[in-house]
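Have a look at work26.cif below; it lists mmCIF, C-alpha atoms.
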```cif
data_entry
#
loop_
_atom_site.label_atom_id
_atom_site.label_comp_id
_atom_site.auth_asym_id
_atom_site.auth_seq_id
_atom_site.Cartn_x
_atom_site.Cartn_y
_atom_site.Cartn_z
CA MET A 1099 0.00 0.00 0.00
CA ARG A 1100 1.43 3.33 -1.01
CA PRO A 1101 0.63 5.87 1.68
CA ILE A 1102 -1.56 8.68 0.45
CA ARG A 1103 -0.14 11.17 2.92
CA PRO A 1104 2.34 11.15 5.78
CA ALA A 1105 0.45 10.70 9.02
CA LEU A 1106 1.39 10.41 12.66
CA ALA A 1107 0.42 7.74 15.12
CA ALA A 1108 -0.43 10.18 17.87
CA VAL A 1109 -0.37 9.34 21.52
CA GLY A 1110 -3.71 9.70 23.23
CA LEU A 1111 -3.78 8.17 26.68
CA THR A 1112 -0.28 9.08 27.83
CA ALA A 1113 -0.90 9.21 31.56
CA VAL A 1114 2.20 8.45 33.58
CA LEU A 1115 0.65 6.05 36.06
CA ALA A 1116 3.07 4.63 38.60
CA LEU A 1117 1.85 1.25 39.77
CA ALA A 1118 3.61 -0.93 42.30
CA ALA A 1119 4.20 -4.46 41.00
CA THR A 1120 2.34 -6.97 43.15
CA ALA A 1121 5.30 -9.28 43.52
CA CYS A 1122 7.42 -6.45 44.86
CA GLY A 1123 4.97 -5.13 47.41
CA PRO A 1124 4.36 -1.41 47.84
CA GLY A 1125 6.77 0.67 45.82
CA ASP A 1126 7.68 4.27 45.17
CA ASP A 1127 4.58 5.66 43.49
CA ASN A 1128 6.30 8.81 42.28
CA ALA A 1129 6.91 8.53 38.56
CA GLY A 1130 9.06 11.63 38.64
CA GLY A 1131 9.15 14.63 36.38
CA GLU A 1132 6.49 17.28 36.00
CA PRO A 1133 3.07 15.77 35.32
CA SER A 1134 1.06 16.92 32.32
CA SER A 1135 -2.63 17.63 32.52
CA SER A 1136 -3.21 13.97 31.70
CA ALA A 1137 -0.67 12.58 34.14
CA ALA A 1138 -1.14 11.03 37.52
CA SER A 1139 -0.50 13.20 40.56
CA SER A 1140 0.29 12.41 44.17
CA SER A 1141 -2.16 13.08 46.97
CA SER A 1142 -1.19 14.20 50.48
CA ASP A 1143 -0.91 10.60 51.66
CA GLY A 1144 1.60 9.80 48.91
CA LYS A 1145 -0.80 7.65 46.89
CA ILE A 1146 -1.28 8.07 43.17
CA LYS A 1147 -4.35 10.09 42.27
CA ILE A 1148 -5.63 9.49 38.77
CA PRO A 1149 -7.51 12.41 37.21
CA ASP A 1150 -11.18 11.62 36.60
CA ASP A 1151 -10.93 12.32 32.87
CA ILE A 1152 -8.13 9.76 32.53
CA LYS A 1153 -10.09 7.18 34.53
CA ASP A 1154 -13.06 7.72 32.24
CA ARG A 1155 -10.96 7.40 29.11
CA LEU A 1156 -9.29 4.22 30.39
CA LYS A 1157 -12.67 2.77 31.31
CA GLU A 1158 -13.82 3.40 27.76
CA HIS A 1159 -11.22 0.84 26.72
CA GLY A 1160 -12.22 -1.58 29.46
CA PHE A 1161 -9.16 -1.12 31.67
CA ASP A 1162 -9.12 -1.21 35.45
CA LEU A 1163 -5.81 0.02 36.85
CA ASP A 1164 -5.77 -2.32 39.84
CA LYS A 1165 -6.43 -5.32 37.61
CA TRP A 1166 -3.77 -4.10 35.17
CA LYS A 1167 -1.25 -3.90 38.02
CA ASN A 1168 -2.14 -7.43 39.11
CA GLY A 1169 -1.54 -8.92 35.67
CA ASP A 1170 -4.41 -7.87 33.43
CA TRP A 1171 -1.80 -6.36 31.09
CA LYS A 1172 -1.15 -9.97 30.05
CA ASN A 1173 -4.58 -10.11 28.40
CA TRP A 1174 -3.85 -9.90 24.68
CA ASP A 1175 -7.38 -10.66 23.48
CA LYS A 1176 -8.08 -8.80 20.28
CA ASP A 1177 -10.67 -6.57 21.90
CA LYS A 1178 -8.17 -5.67 24.65
CA TRP A 1179 -5.17 -5.01 22.41
CA LEU A 1180 -5.23 -1.31 21.58
CA ARG A 1181 -3.95 -0.63 18.08
CA GLU A 1182 -5.27 2.75 16.98
CA ALA A 1183 -2.88 5.68 16.81
CA GLN A 1184 -4.45 7.57 19.70
CA ASP A 1185 -4.75 4.59 22.05
CA PHE A 1186 -1.20 4.23 23.40
CA ILE A 1187 -1.10 3.65 27.17
CA ASN A 1188 1.93 2.48 29.15
CA PRO A 1189 1.38 2.70 32.93
CA ILE A 1190 4.56 2.41 35.00
CA ILE A 1191 4.58 -0.76 37.09
CA ASP A 1192 7.26 -0.11 39.67
CA GLY A 1193 9.84 -2.90 39.75
CA LEU A 1194 8.29 -4.95 36.94
CA TRP A 1195 11.56 -5.05 35.04
CA ASP A 1196 13.58 -6.87 37.68
CA PRO A 1197 16.97 -8.46 36.84
CA ASP A 1198 15.48 -11.79 35.79
CA ARG A 1199 12.97 -10.20 33.41
CA MET A 1200 15.65 -7.88 32.01
CA LYS A 1201 18.04 -10.73 31.27
CA GLY A 1202 15.28 -13.07 30.12
CA ALA A 1203 13.68 -10.72 27.60
CA ASP A 1204 14.73 -12.39 24.36
CA LYS A 1205 11.76 -12.36 21.99
CA GLN A 1206 12.19 -10.40 18.76
CA PRO A 1207 9.01 -8.90 17.31
CA GLN A 1208 10.47 -8.90 13.81
CA LYS A 1209 11.14 -12.12 11.89
CA PRO A 1210 13.98 -12.55 9.37
CA VAL A 1211 13.24 -11.77 5.74
CA ALA A 1212 14.24 -13.57 2.56
CA ASN A 1213 17.72 -12.88 1.29
CA ASP A 1214 16.34 -11.03 -1.74
CA ILE A 1215 13.26 -8.90 -1.07
CA SER A 1216 14.01 -6.09 -3.52
CA GLY A 1217 11.38 -7.01 -6.08
CA ASP A 1218 13.60 -5.36 -8.69
CA LYS A 1219 11.30 -2.32 -8.78
CA GLY A 1220 13.66 0.38 -7.56
CA VAL A 1221 17.36 1.01 -7.11
CA THR A 1222 18.88 -1.90 -5.21
CA ASP A 1223 22.62 -2.40 -4.91
CA PRO A 1224 24.25 -5.85 -4.80
CA THR A 1225 23.87 -7.72 -1.53
CA PRO A 1226 26.69 -6.56 0.76
CA ALA A 1227 29.28 -8.97 2.12
CA PRO A 1228 28.67 -9.85 5.79
CA VAL A 1229 30.50 -7.67 8.30
CA ASN A 1230 31.19 -9.35 11.61
CA ALA A 1231 29.67 -7.44 14.52
CA GLN A 1232 32.24 -6.21 17.02
CA ALA A 1233 31.60 -5.88 20.75
CA LEU A 1234 31.92 -2.30 21.94
CA GLN A 1235 34.50 -1.54 24.56
CA SER A 1236 33.10 -1.31 28.06
CA PRO A 1237 32.06 0.66 29.93
CA TYR A 1238 29.51 1.42 27.25
CA HIS A 1239 28.77 4.76 28.83
CA GLN A 1240 32.18 5.91 27.67
CA SER A 1241 31.97 4.27 24.24
CA LEU A 1242 28.40 5.14 23.24
CA PRO A 1243 26.38 6.61 26.13
CA ALA A 1244 23.30 7.39 24.03
CA LEU A 1245 22.63 3.69 23.30
CA GLY A 1246 20.50 1.44 25.44
CA LYS A 1247 18.16 -1.52 25.52
CA ILE A 1248 14.40 -1.33 25.04
CA LEU A 1249 12.31 -3.84 26.99
CA PHE A 1250 8.64 -4.54 26.35
CA ASP A 1251 5.97 -7.22 26.51
CA THR A 1252 4.26 -8.86 23.53
CA PRO A 1253 1.69 -11.67 23.23
CA GLU A 1254 4.63 -14.07 22.78
CA GLY A 1255 6.48 -12.91 25.90
CA SER A 1256 9.02 -10.34 27.01
CA ALA A 1257 10.89 -8.85 24.08
CA VAL A 1258 13.94 -6.71 23.45
CA CYS A 1259 15.04 -4.02 21.01
CA SER A 1260 17.62 -1.25 21.04
CA GLY A 1261 17.26 2.51 21.15
CA THR A 1262 19.18 5.79 21.07
CA VAL A 1263 18.77 8.98 23.10
CA VAL A 1264 18.28 11.81 20.61
CA LYS A 1265 18.24 15.57 21.03
CA ASP A 1266 14.95 17.31 21.76
CA PRO A 1267 14.57 20.69 20.03
CA ALA A 1268 12.00 21.75 22.65
CA HIS A 1269 14.36 20.93 25.54
CA PRO A 1270 18.00 21.58 24.55
CA GLY A 1271 20.35 19.68 26.85
CA LYS A 1272 17.44 18.02 28.63
CA SER A 1273 16.04 15.52 26.16
CA ASN A 1274 13.82 12.60 27.16
CA LEU A 1275 13.44 11.32 23.59
CA VAL A 1276 14.52 7.87 22.41
CA TRP A 1277 14.66 6.80 18.75
CA THR A 1278 13.85 3.19 17.85
CA ALA A 1279 11.98 1.09 15.26
CA GLY A 1280 8.23 1.19 14.80
CA HIS A 1281 8.06 -2.59 15.19
CA CYS A 1282 9.54 -2.23 18.68
CA VAL A 1283 6.47 -0.36 19.88
CA HIS A 1284 3.61 -1.47 17.61
CA ALA A 1285 2.86 -4.79 15.88
CA GLY A 1286 1.71 -3.16 12.65
CA ALA A 1287 -1.27 -4.05 10.47
CA LYS A 1288 -2.45 -7.08 12.43
CA GLY A 1289 -1.71 -5.99 15.99
CA GLY A 1290 -1.48 -3.07 18.37
CA TRP A 1291 0.74 -1.22 20.82
CA TYR A 1292 3.12 -3.30 22.89
CA ARG A 1293 3.09 -2.93 26.67
CA ASN A 1294 5.42 -2.10 29.55
CA ILE A 1295 7.83 -0.33 27.19
CA ALA A 1296 10.97 0.71 29.07
CA PHE A 1297 14.45 1.95 28.16
CA VAL A 1298 17.66 1.03 29.99
CA PRO A 1299 20.55 3.31 28.97
CA SER A 1300 23.96 1.59 28.91
CA TYR A 1301 22.42 -1.75 29.84
CA ASN A 1302 25.09 -4.02 31.38
CA ASP A 1303 27.53 -1.11 31.20
CA SER A 1304 30.45 -3.27 32.31
CA GLY A 1305 29.99 -5.63 29.36
CA LYS A 1306 29.81 -8.80 31.43
CA THR A 1307 28.90 -12.14 29.89
CA ALA A 1308 25.62 -13.90 30.60
CA ALA A 1309 27.44 -16.26 32.96
CA GLN A 1310 29.01 -13.37 34.83
CA LEU A 1311 25.60 -11.73 35.17
CA ALA A 1312 24.16 -14.64 37.14
CA GLY A 1313 22.82 -13.10 40.32
CA ALA A 1314 23.37 -9.56 39.01
CA THR A 1315 21.49 -6.78 40.77
CA ARG A 1316 19.19 -4.31 39.04
CA LYS A 1317 21.78 -1.60 39.62
CA GLN A 1318 24.42 -3.65 37.82
CA LEU A 1319 22.17 -4.16 34.80
CA ALA A 1320 20.68 -0.66 34.81
CA PRO A 1321 23.32 1.64 36.34
CA TYR A 1322 21.58 4.75 35.02
CA GLY A 1323 18.09 3.64 35.90
CA VAL A 1324 14.99 2.43 34.08
CA PHE A 1325 12.86 4.85 32.06
CA TRP A 1326 9.28 4.19 30.94
CA ALA A 1327 7.63 5.49 27.78
CA ASN A 1328 4.89 7.97 28.59
CA GLY A 1329 4.53 8.90 24.93
CA ALA A 1330 5.06 7.12 21.61
CA LEU A 1331 4.79 8.07 17.97
CA THR A 1332 5.30 5.93 14.90
CA SER A 1333 4.27 6.38 11.30
CA ASP A 1334 0.76 5.68 10.12
CA GLN A 1335 2.38 3.73 7.30
CA TRP A 1336 3.83 1.32 9.84
CA ILE A 1337 0.55 0.90 11.72
CA GLN A 1338 -1.36 0.28 8.51
CA GLY A 1339 1.18 -1.75 6.55
CA GLY A 1340 3.82 -3.12 8.93
CA GLY A 1341 4.17 -6.85 9.45
CA PRO A 1342 6.30 -9.59 11.06
CA THR A 1343 8.89 -9.31 8.27
CA GLY A 1344 8.55 -5.58 7.78
CA GLY A 1345 5.89 -5.69 5.10
CA GLN A 1346 4.96 -2.58 3.21
CA GLY A 1347 5.69 -0.51 6.31
CA ALA A 1348 9.42 -1.30 6.40
CA PRO A 1349 10.57 1.99 4.77
CA TYR A 1350 8.63 3.79 7.53
CA ASP A 1351 9.73 1.53 10.40
CA PHE A 1352 10.76 4.20 12.92
CA ALA A 1353 9.39 5.52 16.20
CA VAL A 1354 10.11 8.16 18.82
CA LEU A 1355 9.46 7.57 22.51
CA HIS A 1356 9.20 10.14 25.27
CA MET A 1357 10.56 8.69 28.52
CA THR A 1358 10.08 9.33 32.22
CA PRO A 1359 12.11 7.77 35.07
CA GLU A 1360 10.58 4.86 36.93
CA LYS A 1361 11.86 6.34 40.17
CA GLY A 1362 11.40 9.97 41.05
CA SER A 1363 14.10 12.12 39.49
CA THR A 1364 14.38 15.70 38.32
CA LYS A 1365 17.07 14.84 35.75
CA SER A 1366 16.24 14.28 32.11
CA LEU A 1367 17.45 11.22 30.23
CA GLU A 1368 20.06 13.32 28.45
CA GLU A 1369 21.32 14.75 31.74
CA THR A 1370 21.39 11.27 33.26
CA THR A 1371 23.42 9.72 30.43
CA GLY A 1372 25.35 12.84 29.53
CA SER A 1373 24.56 12.31 25.87
CA ALA A 1374 21.98 12.74 23.11
CA VAL A 1375 22.68 12.59 19.38
CA ALA A 1376 21.30 14.79 16.63
CA VAL A 1377 19.00 13.33 13.95
CA ASP A 1378 19.70 14.06 10.27
CA PHE A 1379 16.58 14.04 8.07
CA ASN A 1380 18.51 15.07 5.00
CA ALA A 1381 21.47 12.73 5.00
CA PRO A 1382 23.64 12.61 1.87
CA ALA A 1383 22.88 10.14 -0.89
CA VAL A 1384 24.38 6.69 -0.44
CA PRO A 1385 27.31 7.22 -2.86
CA LYS A 1386 28.45 10.18 -0.74
CA ILE A 1387 28.49 8.30 2.57
CA ALA A 1388 31.86 6.70 3.29
CA SER A 1389 30.60 4.59 6.20
CA MET A 1390 28.00 4.35 8.92
CA SER A 1391 27.65 2.19 12.00
CA ALA A 1392 24.71 0.06 13.15
CA ASN A 1393 24.57 -0.36 16.92
CA GLY A 1394 22.52 -2.54 19.22
CA TYR A 1395 22.04 -5.44 21.61
CA PRO A 1396 21.56 -8.54 19.36
CA ALA A 1397 19.72 -11.29 21.22
CA ALA A 1398 19.10 -14.08 18.72
CA ALA A 1399 21.77 -16.77 18.37
CA PRO A 1400 24.73 -16.66 18.32
CA PHE A 1401 24.27 -13.58 20.54
CA ASP A 1402 22.45 -13.47 23.88
CA GLY A 1403 21.32 -9.86 24.21
CA GLN A 1404 23.61 -8.97 27.09
CA LYS A 1405 26.31 -7.07 25.20
CA LEU A 1406 26.39 -4.02 22.95
CA PHE A 1407 27.71 -4.61 19.41
CA ARG A 1408 28.45 -2.54 16.33
CA CYS A 1409 28.91 -3.04 12.58
CA VAL A 1410 30.65 -0.46 10.39
CA ASP A 1411 30.22 -0.57 6.61
CA LYS A 1412 29.69 1.60 3.55
CA PRO A 1413 25.91 1.62 3.00
CA GLY A 1414 24.12 0.39 -0.07
CA ARG A 1415 20.54 0.82 -1.28
CA LEU A 1416 17.56 -1.51 -0.93
CA SER A 1417 14.27 -0.81 -2.68
CA ILE A 1418 11.29 -2.92 -1.64
CA GLN A 1419 8.63 -1.06 -3.62
CA GLN A 1420 9.28 1.43 -6.38
CA ASN A 1421 7.02 4.13 -4.97
CA ASP A 1422 8.36 3.94 -1.41
CA PRO A 1423 11.61 5.43 -0.08
CA THR A 1424 14.76 3.42 -0.71
CA MET A 1425 16.23 1.94 2.46
CA TYR A 1426 19.86 1.88 3.60
CA ARG A 1427 21.54 -1.53 3.77
CA LEU A 1428 24.74 -2.57 5.58
CA GLY A 1429 26.69 -5.80 5.77
CA CYS A 1430 26.25 -6.94 9.38
CA THR A 1431 25.94 -10.17 11.35
CA MET A 1432 23.86 -8.73 14.20
CA THR A 1433 20.55 -10.51 14.81
CA GLY A 1434 17.15 -9.77 16.35
CA GLY A 1435 17.38 -7.59 19.44
CA SER A 1436 19.51 -5.06 17.57
CA SER A 1437 16.30 -3.78 15.97
CA GLY A 1438 15.72 -0.10 16.56
CA GLY A 1439 19.37 0.56 17.34
CA GLY A 1440 20.71 3.80 15.87
CA TRP A 1441 22.67 3.99 12.64
CA LEU A 1442 25.26 6.69 13.12
CA THR A 1443 27.51 8.79 10.92
CA THR A 1444 29.73 11.73 11.73
CA GLY A 1445 27.78 14.97 11.44
CA GLN A 1446 29.06 18.30 10.15
CA ASP A 1447 29.97 19.23 13.72
CA GLY A 1448 32.12 16.12 14.02
CA GLN A 1449 29.72 14.49 16.46
CA PRO A 1450 27.72 11.25 16.01
CA THR A 1451 24.47 11.82 14.10
CA LEU A 1452 21.58 9.38 13.73
CA VAL A 1453 20.51 8.75 10.13
CA SER A 1454 18.55 5.49 10.43
CA ASN A 1455 17.70 2.53 12.67
CA THR A 1456 17.81 -1.22 12.25
CA SER A 1457 14.57 -2.51 10.73
CA ILE A 1458 14.96 -5.81 8.87
CA GLY A 1459 17.55 -8.49 8.15
CA PRO A 1460 17.67 -11.94 6.49
CA VAL A 1461 17.69 -15.42 7.98
CA THR A 1462 21.40 -15.69 7.21
CA ALA A 1463 22.12 -12.62 9.36
CA GLY A 1464 24.46 -11.20 6.73
CA TRP A 1465 22.96 -7.73 6.32
CA LEU A 1466 20.63 -5.22 7.94
CA ALA A 1467 18.38 -2.59 6.39
CA GLY A 1468 17.00 0.60 7.86
CA PRO A 1469 14.72 3.40 6.68
CA ARG A 1470 16.10 6.56 5.17
CA LEU A 1471 14.73 9.35 7.33
CA GLY A 1472 12.79 11.98 5.43
CA LYS A 1473 9.72 14.17 5.87
CA GLU A 1474 7.58 11.49 7.52
CA ALA A 1475 10.26 10.76 10.11
CA LYS A 1476 10.83 14.45 10.75
CA ASP A 1477 7.11 14.97 11.30
CA VAL A 1478 7.02 12.16 13.87
CA TYR A 1479 10.08 13.53 15.66
CA GLU A 1480 8.87 17.11 15.80
CA ALA A 1481 5.37 16.15 16.88
CA GLU A 1482 6.66 14.08 19.78
CA SER A 1483 8.94 16.92 20.84
CA GLN A 1484 6.13 19.47 20.69
CA LYS A 1485 3.72 17.30 22.64
CA PHE A 1486 5.92 17.62 25.70
CA ALA A 1487 7.30 21.09 24.95
CA ASN A 1488 5.57 22.73 27.92
CA GLN A 1489 6.66 20.16 30.50
#
```

So, in terms of structure tokens, how does the structure I just supplied come out?
Amino acid sequence: MRPIRPALAAVGLTAVLALAATACGPGDDNAGGEPSSSAASSSSDGKIKIPDDIKDRLKEHGFDLDKWKNGDWKNWDKDKWLREAQDFINPIIDGLWDPDRMKGADKQPQKPVANDISGDKGVTDPTPAPVNAQALQSPYHQSLPALGKILFDTPEGSAVCSGTVVKDPAHPGKSNLVWTAGHCVHAGAKGGWYRNIAFVPSYNDSGKTAAQLAGATRKQLAPYGVFWANGALTSDQWIQGGGPTGGQGAPYDFAVLHMTPEKGSTKSLEETTGSAVAVDFNAPAVPKIASMSANGYPAAAPFDGQKLFRCVDKPGRLSIQQNDPTMYRLGCTMTGGSSGGGWLTTGQDGQPTLVSNTSIGPVTAGWLAGPRLGKEAKDVYEAESQKFANQ
């Protein structure tokens, strides 16, 4: 389906609702940050007070917050799985992402594609030679502080993607925006919004192996904290045409999340990590790009999702449909779990600049493809920034 117009998947029910996970007992109900008019607030006794309008809007979708806290979020019945653009909700469940769930999140929402999916309709360069992914030097916070792991729940179980802290034009130096893939937040044409979406900057910062992480504490896995999405935008093209192998939404497979700390904090994500990268929506044509890097936490074999990896290659072009934007393609052996991770080049200021994100790759894990960011991506980015501009 060729999109008629660029459209945004706007966030509707973006209340930041801090809920204590049942298994953890009472927790810190303060979600932190300045609440919007649709956010939860704290009463004098320290308990979360949900505005009546938000309660009414949640009830319209059949949600009871107490039941959600106690596990109703696991109900993926079709009539309970919100898919429309305005229906995103992501209540904070304090302590839900404990060390075991962090390490055990290994599902990948995107399936491998065929080795040749070009269709010979547009400009597609020869399949690149595989480039072996290299582990980044730890601590990751010194190597690439803007990168992190995205955790979320799907009907198949706990899943993992990668994400990048990007600059927020509405809040210079204090960004809470994270760039990732659309398929890391929404299932596309036949599904809805995923749940319990959280971002862990510099996950496993020390770069320990899975064996060394046995018995690891939450602080060791998430040294800079856990941030929950209280806003999400992806393209309407992804919602309408995206699928398990990318589908017709693949050239528009991008998303921007607005994050808030699970625990009360006055620091933004950018201030916490000390980093946020710029986004280039007018990157040079492929022949003029000497190299770019794909970065992420690959979780499918032979990787295990615990370490941060990178591939560096000169990009090529991949055209899936003639009328849709041509995608970037790199030789890379990273697997599922690296999805959503930022593709970086050196900007005009000499600093890392995001130009794409990992979207699809083949069964052979020899290459990755990501969308070229144009007007649709810029619209998503600017709209998410503006939504929280007054907070």

Atom CA of A:Gly1290 to atom CA of A:Leu1180, distance in Å rounded to a single decimal |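 Pair atom CA of A:Gly1290 / atom CA of A:Leu1180 returns 5.2 Å.
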
Output the residue selection produced by the PyMOL selection byres ((chain A and resi 1458-1467) around 9) on the file above, formatted as number ranges by chain.
-> A: 1208-1214, 1225-1230, 1343-1344, 1348, 1392, 1415-1416, 1425-1434, 1437, 1455-1457, 1468-1469

Using all atoms listed in the file, which residue out of A:Lys1157, A:His1269, A:Lys1205, A:His1281 lies closest to A:Lys1485?
->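 Distance minimum relative to A:Lys1485 lands on A:His1269.
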
Run the PyMOL selection byres ((chain A and resi 1268) around 12) against the file shown and list the residues it catches, as a ChimeraX atom specification.
-> /A:1264-1267,1269-1275,1479-1489

Non-local contacts of stretch 1319-1322 of chain A (12 Å; all atoms listed in the file; under 2 positions in same chain excluded) as a ChimeraX atom specification = /A:1195-1201,1237-1239,1243-1249,1296-1308,1310-1317,1324-1325,1359-1361,1363,1365-1372,1404-1405

Can you work out the spacing between atom CA of A:Lys1412 and atom CA of A:Gly1261 in Å, to one decimal?
-> 21.6 Å

From the set A:Ala1399, A:Leu1406, A:Ala1388, A:Leu1442, which residue has the shortest atom-to-atom contact distance to A:Ser1241, counting all atoms listed in the file?
-> A:Leu1406

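One finds atom CA of A:Gly1439 at 15.3 Å from atom CA of A:Phe1401.
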
Please provide the set of residues having any atom within 8 Å of A:Gly1289, restricted to all atoms listed in the file, with same-chain residues fewer than 4 positions apart removed, written as an MDAnalysis selection string.
-> chainID A and resid 1179 1181 1284:1285

Which of these, A:Val1384, A:Ala1397, A:Val1276, A:Ile1191, has the shortest distance to A:Leu1331 once you count all atoms listed in the file?
-> A:Val1276

Output of the PyMOL selection byres ((chain A and resi 1282) around 7), listed as a ChimeraX atom specification | /A:1207,1259,1278-1281,1283-1284,1438

Using only C-alpha atoms, which residue out of A:Gly1160, A:Ala1309, A:Gly1193, A:Ala1233 lies closest to A:Gly1323?
->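 Of all the options, A:Gly1193 lies closest to A:Gly1323.
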
Nearest to A:Val1258: which of A:Pro1382, A:Gly1440, A:Gly1445, A:Pro1396 is it, counting all atoms listed in the file?
->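 With all atoms listed in the file as the atom set, the closest residue is A:Pro1396.
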
Which neighbours of A:Asp1378 fall inside 9 Å, counting only C-alpha atoms, when residues of the same chain fewer than 2 positions from it are skipped, and could you give them as a ChimeraX atom specification?
-> /A:1376,1380-1381,1445,1451-1454,1471-1472,1476

Which of these residues is nearest to A:Asn1328, using all atoms listed in the file: A:Ile1418, A:Asp1351, A:Ile1295, A:Val1478?
->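 Checking each candidate against A:Asn1328, we get A:Ile1295 as the closest.
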
Rebuild stretch 1400-1411 of chain A to N, CA, C and O atoms - output it as a PDB file, in the frame of the given file, please.
```pdb
ATOM      1  N   PRO A1400      23.858 -16.193  17.241  1.00  0.00           N
ATOM      2  CA  PRO A1400      24.730 -16.660  18.320  1.00  0.00           C
ATOM      3  C   PRO A1400      24.913 -15.659  19.464  1.00  0.00           C
ATOM      4  O   PRO A1400      25.753 -15.872  20.339  1.00  0.00           O
ATOM      5  N   PHE A1401      24.166 -14.576  19.469  1.00  0.00           N
ATOM      6  CA  PHE A1401      24.270 -13.580  20.540  1.00  0.00           C
ATOM      7  C   PHE A1401      23.257 -13.904  21.637  1.00  0.00           C
ATOM      8  O   PHE A1401      22.387 -14.760  21.462  1.00  0.00           O
ATOM      9  N   ASP A1402      23.370 -13.198  22.774  1.00  0.00           N
ATOM     10  CA  ASP A1402      22.450 -13.470  23.880  1.00  0.00           C
ATOM     11  C   ASP A1402      21.795 -12.217  24.447  1.00  0.00           C
ATOM     12  O   ASP A1402      21.108 -12.283  25.466  1.00  0.00           O
ATOM     13  N   GLY A1403      21.998 -11.073  23.802  1.00  0.00           N
ATOM     14  CA  GLY A1403      21.320  -9.860  24.210  1.00  0.00           C
ATOM     15  C   GLY A1403      21.930  -9.111  25.373  1.00  0.00           C
ATOM     16  O   GLY A1403      21.407  -8.082  25.789  1.00  0.00           O
ATOM     17  N   GLN A1404      23.039  -9.594  25.896  1.00  0.00           N
ATOM     18  CA  GLN A1404      23.610  -8.970  27.090  1.00  0.00           C
ATOM     19  C   GLN A1404      24.687  -7.942  26.782  1.00  0.00           C
ATOM     20  O   GLN A1404      25.041  -7.132  27.634  1.00  0.00           O
ATOM     21  N   LYS A1405      25.215  -7.960  25.544  1.00  0.00           N
ATOM     22  CA  LYS A1405      26.310  -7.070  25.200  1.00  0.00           C
ATOM     23  C   LYS A1405      25.955  -6.160  24.029  1.00  0.00           C
ATOM     24  O   LYS A1405      25.144  -6.515  23.169  1.00  0.00           O
ATOM     25  N   LEU A1406      26.600  -5.003  24.006  1.00  0.00           N
ATOM     26  CA  LEU A1406      26.390  -4.020  22.950  1.00  0.00           C
ATOM     27  C   LEU A1406      27.398  -4.262  21.825  1.00  0.00           C
ATOM     28  O   LEU A1406      28.603  -4.385  22.065  1.00  0.00           O
ATOM     29  N   PHE A1407      26.877  -4.336  20.582  1.00  0.00           N
ATOM     30  CA  PHE A1407      27.710  -4.610  19.410  1.00  0.00           C
ATOM     31  C   PHE A1407      27.541  -3.512  18.365  1.00  0.00           C
ATOM     32  O   PHE A1407      26.593  -2.724  18.405  1.00  0.00           O
ATOM     33  N   ARG A1408      28.464  -3.529  17.405  1.00  0.00           N
ATOM     34  CA  ARG A1408      28.450  -2.540  16.330  1.00  0.00           C
ATOM     35  C   ARG A1408      28.963  -3.159  15.039  1.00  0.00           C
ATOM     36  O   ARG A1408      29.873  -4.002  15.053  1.00  0.00           O
ATOM     37  N   CYS A1409      28.381  -2.735  13.911  1.00  0.00           N
ATOM     38  CA  CYS A1409      28.910  -3.040  12.580  1.00  0.00           C
ATOM     39  C   CYS A1409      29.180  -1.731  11.869  1.00  0.00           C
ATOM     40  O   CYS A1409      28.384  -0.791  11.950  1.00  0.00           O
ATOM     41  N   VAL A1410      30.297  -1.647  11.170  1.00  0.00           N
ATOM     42  CA  VAL A1410      30.650  -0.460  10.390  1.00  0.00           C
ATOM     43  C   VAL A1410      30.832  -0.891   8.939  1.00  0.00           C
ATOM     44  O   VAL A1410      31.578  -1.826   8.639  1.00  0.00           O
ATOM     45  N   ASP A1411      30.137  -0.203   8.023  1.00  0.00           N
ATOM     46  CA  ASP A1411      30.220  -0.570   6.610  1.00  0.00           C
ATOM     47  C   ASP A1411      29.804   0.633   5.761  1.00  0.00           C
ATOM     48  O   ASP A1411      29.162   1.569   6.248  1.00  0.00           O
TER      49      ASP A1411
END
```
